[in-house]
Amino acid sequence: MNVSGLEIASREKEKPKGLIKMFLKAFGKNPYARSKNIFIIAMLTPILFIYFYLRVYPILRTFVLSLYNWNFLLPNHTFIGFQNFVSLFSDDHFLLALKNTTIFSLATVILGVVVSLPLSIVLAGKMKFSPFYQAVFFLPYITPMAAMAVAWKWIYDSQYGILNYFLSIFHIPPVGWLVYPDTALWAIIIMSVWKNIGYNMILFMVGIKNIPISYTEAAQLDGAGRFDMFRYITFPLLQPMLLFVLVTSTINAYNVFTQVYVMTLGSQSAPGSAVNVLVYDIYTNFFQYHKAGYASAEAVVLTLIVLVLTLIQFRFIRNREE
């Protein structure tokens with residue numbers, strides 16, 4: 001029986017498409033499939049509601065609060081539109097926090113990848129006591145940040161710190177690492193890179209372990225050296241893991257707070273404004289100066305910066321893969 005092209009086209013038009021097709025497939029005539037899908041939706045609805053209330057709603061609420069001039073200790077708040085955002089970019093404290101956060105993020109992300117990637121390649125090979133070294137590098141990551149910040153604050157201490165004691169062996173005068181603004185930020189950067197190296201290293205090792213061994217064996221048969229194998233095999237196949245490391249490291253870096261708060265607190269540290277970062281500035285404006293609308297505007301700017309950088313990283317890595 002011959003069927004014309006017009007008849008086939010008319011039948012295709014009669015078929016449900018898109019959401020309607022999905023709905024009919026999920027709640028069609030099959031009673032087993034219908035009951036299973038109803039059960040799944042019933043179980044997921046409370047979880048999705050809790051997730052929306054705890055994660056999505058605060059973000060939307062922050063966007064709304066950024067349009068108001070509101071002291072959260074007082075019940076009344078005035079709608080001022082985008083005035084908070086205009087005031088941000090004429091505020092020296094915010095601009096300094098944005099500058100410090102950007103420097104911190106660029107340094108920690110780049111140094112974290114540059115240091116952890118070679119380590120992962122070495123430890124993923126046939127190295128003796130590799131599990132022991134992996135544990136040593138990963139241990140700082142699972143240690144609470146506050147405890148590590150206190151320990152490094154004593155390491156950087158200008159009078160009793162072990163770092164200055166080591167420098168004194170070479171007749172180098174003691175340095176107030178956390179006292180001067182020029183060195184305080186970089187001291188915190190070094191501490192943060194040291195703490196997160198193990199996490200990035202483990203992620204890269206997972207990616208290296210998943211590279212098919214047939215690729216490396218074929219490259220060795222062709223006479224490829226270690227650098228050529230890294231350039232043409234390991235690094236290209238690590239692009240998805242590299243993207244994950246870059247995105248998570250950027251998000252964590254722009255949300256830096258604990259080490260800045262702990263290591264710049266006290267008489268032997270730099271003034272808080274000198275190493276101010278965005279989350280610290282949000283915390284100060286909200287809880288100390290009670291400027292809820294202004295702090296919300298800072299949070300919105302921080303969210304947009306992280307979102308834009310994440311999209312850029314996704315686009316860059318995807319273009320390299322293509």
# chains A, B, ... in the order shown; residues from 1 in each chain; ligands from 1
>>> closest_atom_pairs(of="segment 212-290 of chain A", to="segment 124-148 of chain A", cutoff="7 Å", atoms="only C-alpha atoms", output="JSON lines")
{"residue": "A:Thr258", "atom": "CA", "partner": "A:Ala146", "partner_atom": "CA", "distance": 6.4}
{"residue": "A:Gln259", "atom": "CA", "partner": "A:Ala146", "partner_atom": "CA", "distance": 6.7}
{"residue": "A:Val262", "atom": "CA", "partner": "A:Ala146", "partner_atom": "CA", "distance": 6.9}
>>> residues_around(residues="segment 245-252 of chain A", least_positions_apart="2", cutoff="12 Å", atoms="only C-alpha atoms", output="compact mmCIF listing (two decimals) with C-alpha atoms, in the first residue's frame")
# COMPACT_ATOMS: atom_id res chain seq x y z
CA THR A 101 38.06 40.12 45.58
CA THR A 102 38.98 40.17 41.89
CA ILE A 103 42.71 39.96 42.67
CA PHE A 104 42.08 37.19 45.19
CA SER A 105 39.91 35.23 42.73
CA LEU A 106 42.30 35.52 39.78
CA ALA A 107 45.32 34.58 41.89
CA THR A 108 43.73 31.65 43.73
CA VAL A 109 42.07 30.15 40.65
CA ILE A 110 45.15 30.44 38.41
CA LEU A 111 47.64 29.33 41.06
CA GLY A 112 45.32 26.56 42.20
CA VAL A 113 45.18 25.06 38.71
CA VAL A 114 48.87 25.65 37.91
CA SER A 116 47.44 21.14 41.43
CA LEU A 117 47.52 19.94 37.80
CA SER A 192 43.85 29.76 50.46
CA VAL A 193 45.77 28.17 47.57
CA ASN A 196 42.47 23.99 48.26
CA ILE A 197 45.30 22.32 46.33
CA GLY A 198 44.27 18.85 47.52
CA TYR A 199 40.69 19.22 46.31
CA ASN A 200 41.69 20.34 42.83
CA MET A 201 44.38 17.65 42.71
CA ILE A 202 41.91 14.87 43.49
CA LEU A 203 39.51 16.12 40.81
CA PHE A 204 42.24 16.21 38.19
CA MET A 205 43.40 12.74 39.21
CA VAL A 206 39.88 11.43 38.65
CA GLY A 207 39.92 12.90 35.15
CA LEU A 238 40.72 16.97 30.90
CA GLN A 239 38.65 19.87 29.54
CA PRO A 240 35.39 18.86 31.30
CA MET A 241 37.17 18.43 34.64
CA LEU A 242 39.10 21.66 34.09
CA LEU A 243 35.81 23.46 33.49
CA TYR A 254 34.35 35.29 45.09
CA ASN A 255 32.59 34.10 48.26
CA VAL A 256 35.75 34.32 50.38
CA PHE A 257 35.02 35.46 53.92
CA THR A 258 36.24 33.26 56.78
CA VAL A 279 31.27 39.18 51.30
CA LEU A 302 28.29 39.61 43.46
CA THR A 303 25.75 37.13 42.07
CA LEU A 304 25.83 38.73 38.62
CA ILE A 305 29.64 38.77 38.55
CA VAL A 306 29.83 35.06 39.41
CA LEU A 307 27.10 34.25 36.88
CA VAL A 308 28.82 36.15 34.06
CA LEU A 309 32.23 34.61 34.81
CA THR A 310 30.69 31.13 34.92
CA LEU A 311 29.04 31.63 31.52
CA ILE A 312 32.32 32.94 30.06
CA GLN A 313 34.18 29.90 31.36
CA PHE A 314 31.55 27.55 29.94
CA ARG A 315 31.71 29.28 26.57
CA PHE A 316 35.52 29.32 26.48
CA ILE A 317 35.95 25.64 27.37
>>> select_by_dssp(residues="segment 27-157 of chain A", states="helix (DSSP H, G or I)", output="PyMOL selection string")
chain A and resi 31-65+83-88+92-124+130-142+145-155
>>> residues_around(residues="Tyr261 of chain A", least_positions_apart="5", cutoff="10 Å", atoms="only C-alpha atoms", output="tab-separated table (two decimals) with C-alpha atoms, in the first residue's frame")
chain	number	residue	atom	x	y	z
A	146	ALA	CA	38.55	28.83	60.75
A	149	ALA	CA	43.08	30.57	59.36
A	256	VAL	CA	35.75	34.32	50.38
A	266	GLY	CA	43.12	41.72	65.99
A	272	GLY	CA	39.77	45.29	57.90
A	275	VAL	CA	41.87	43.68	52.84
A	276	ASN	CA	38.14	44.10	52.50
A	277	VAL	CA	36.36	41.69	50.16
A	279	VAL	CA	31.27	39.18	51.30
A	280	TYR	CA	33.03	40.91	54.21
>>> select_by_dssp(residues="segment 22-124 of chain A", states="strand (DSSP E)", output="PyMOL selection string")
chain A and resi 68-70+77-79
>>> atom_distance(atom1="atom CA of Leu167 of chain A", atom2="atom CA of Thr264 of chain A")
22.2 Å
>>> atom_distance(atom1="atom CA of Arg318 of chain A", atom2="atom CA of Thr234 of chain A")
16.6 Å
>>> closest_residue(among="A:Phe230, A:Leu237, A:Lys291, A:Arg61", to="Asn210 of chain A", atoms="only C-alpha atoms")
A:Leu237
>>> residues_around(residues="Lys153 of chain A", least_positions_apart="6", cutoff="10 Å", atoms="only C-alpha atoms", output="PyMOL selection string")
chain A and resi 147+161+177-178+187-188+191+259+262-265+268-269
>>> residues_around(residues="Phe82 of chain A", least_positions_apart="2", cutoff="9 Å", atoms="only C-alpha atoms", output="NGL selection string")
:A and (66-68 or 80 or 84-87 or 297)
>>> decode(residues="segment 277-316 of chain A", atoms="N, CA and C atoms", output="short mmCIF file (atom, residue, chain, number, x, y, z; two decimals), in the first residue's frame")
data_model
loop_
_atom_site.label_atom_id
_atom_site.label_comp_id
_atom_site.auth_asym_id
_atom_site.auth_seq_id
_atom_site.Cartn_x
_atom_site.Cartn_y
_atom_site.Cartn_z
N VAL A 277 36.86 42.42 51.32
CA VAL A 277 36.36 41.69 50.16
C VAL A 277 34.84 41.84 50.13
N LEU A 278 34.22 41.38 49.05
CA LEU A 278 32.81 41.67 48.85
C LEU A 278 31.92 41.08 49.95
N VAL A 279 32.13 39.80 50.28
CA VAL A 279 31.27 39.18 51.30
C VAL A 279 31.50 39.84 52.66
N TYR A 280 32.74 40.20 52.95
CA TYR A 280 33.03 40.91 54.21
C TYR A 280 32.35 42.27 54.22
N ASP A 281 32.33 42.96 53.10
CA ASP A 281 31.68 44.26 53.01
C ASP A 281 30.17 44.11 53.15
N ILE A 282 29.61 43.05 52.56
CA ILE A 282 28.17 42.78 52.72
C ILE A 282 27.84 42.53 54.19
N TYR A 283 28.68 41.72 54.83
CA TYR A 283 28.48 41.42 56.25
C TYR A 283 28.55 42.70 57.10
N THR A 284 29.51 43.56 56.81
CA THR A 284 29.67 44.79 57.59
C THR A 284 28.48 45.73 57.40
N ASN A 285 28.06 45.93 56.17
CA ASN A 285 26.95 46.84 55.91
C ASN A 285 25.64 46.33 56.48
N PHE A 286 25.45 45.01 56.48
CA PHE A 286 24.18 44.46 56.94
C PHE A 286 24.12 44.38 58.47
N PHE A 287 25.13 43.76 59.08
CA PHE A 287 25.05 43.47 60.51
C PHE A 287 25.62 44.58 61.39
N GLN A 288 26.50 45.40 60.86
CA GLN A 288 27.06 46.47 61.68
C GLN A 288 26.39 47.81 61.43
N TYR A 289 26.14 48.12 60.15
CA TYR A 289 25.51 49.39 59.82
C TYR A 289 24.02 49.25 59.51
N HIS A 290 23.51 48.04 59.50
CA HIS A 290 22.07 47.74 59.35
C HIS A 290 21.49 48.27 58.03
N LYS A 291 22.33 48.37 57.00
CA LYS A 291 21.87 48.84 55.69
C LYS A 291 21.50 47.62 54.84
N ALA A 292 20.30 47.12 55.07
CA ALA A 292 19.89 45.87 54.41
C ALA A 292 19.74 46.04 52.91
N GLY A 293 19.17 47.14 52.47
CA GLY A 293 18.99 47.35 51.04
C GLY A 293 20.31 47.51 50.32
N TYR A 294 21.23 48.25 50.93
CA TYR A 294 22.55 48.48 50.33
C TYR A 294 23.33 47.16 50.27
N ALA A 295 23.31 46.39 51.35
CA ALA A 295 24.00 45.09 51.37
C ALA A 295 23.38 44.13 50.36
N SER A 296 22.07 44.19 50.19
CA SER A 296 21.41 43.35 49.19
C SER A 296 21.85 43.71 47.78
N ALA A 297 22.05 45.00 47.53
CA ALA A 297 22.53 45.42 46.21
C ALA A 297 23.93 44.88 45.97
N GLU A 298 24.78 44.88 47.00
CA GLU A 298 26.11 44.29 46.85
C GLU A 298 26.01 42.80 46.56
N ALA A 299 25.10 42.12 47.23
CA ALA A 299 24.92 40.68 46.99
C ALA A 299 24.45 40.41 45.56
N VAL A 300 23.59 41.28 45.04
CA VAL A 300 23.12 41.13 43.66
C VAL A 300 24.29 41.30 42.69
N VAL A 301 25.12 42.31 42.92
CA VAL A 301 26.28 42.52 42.06
C VAL A 301 27.22 41.32 42.11
N LEU A 302 27.44 40.80 43.31
CA LEU A 302 28.29 39.61 43.46
C LEU A 302 27.71 38.42 42.69
N THR A 303 26.41 38.23 42.78
CA THR A 303 25.75 37.13 42.07
C THR A 303 25.90 37.28 40.56
N LEU A 304 25.71 38.50 40.06
CA LEU A 304 25.83 38.73 38.62
C LEU A 304 27.26 38.53 38.13
N ILE A 305 28.24 38.95 38.93
CA ILE A 305 29.64 38.77 38.55
C ILE A 305 29.96 37.28 38.43
N VAL A 306 29.56 36.51 39.43
CA VAL A 306 29.83 35.06 39.41
C VAL A 306 29.11 34.41 38.24
N LEU A 307 27.87 34.83 37.98
CA LEU A 307 27.10 34.25 36.88
C LEU A 307 27.76 34.55 35.54
N VAL A 308 28.19 35.78 35.33
CA VAL A 308 28.82 36.15 34.06
C VAL A 308 30.14 35.40 33.87
N LEU A 309 30.95 35.33 34.92
CA LEU A 309 32.23 34.61 34.81
C LEU A 309 32.01 33.12 34.55
N THR A 310 30.99 32.54 35.16
CA THR A 310 30.69 31.13 34.92
C THR A 310 30.29 30.89 33.47
N LEU A 311 29.45 31.77 32.92
CA LEU A 311 29.04 31.63 31.52
C LEU A 311 30.22 31.80 30.57
N ILE A 312 31.12 32.74 30.90
CA ILE A 312 32.32 32.94 30.06
C ILE A 312 33.19 31.69 30.08
N GLN A 313 33.37 31.11 31.25
CA GLN A 313 34.18 29.90 31.36
C GLN A 313 33.55 28.74 30.59
N PHE A 314 32.24 28.59 30.70
CA PHE A 314 31.55 27.55 29.94
C PHE A 314 31.75 27.76 28.44
N ARG A 315 31.59 28.99 28.00
CA ARG A 315 31.71 29.28 26.57
C ARG A 315 33.14 29.05 26.09
N PHE A 316 34.13 29.46 26.88
CA PHE A 316 35.52 29.32 26.48
C PHE A 316 35.92 27.85 26.37
#
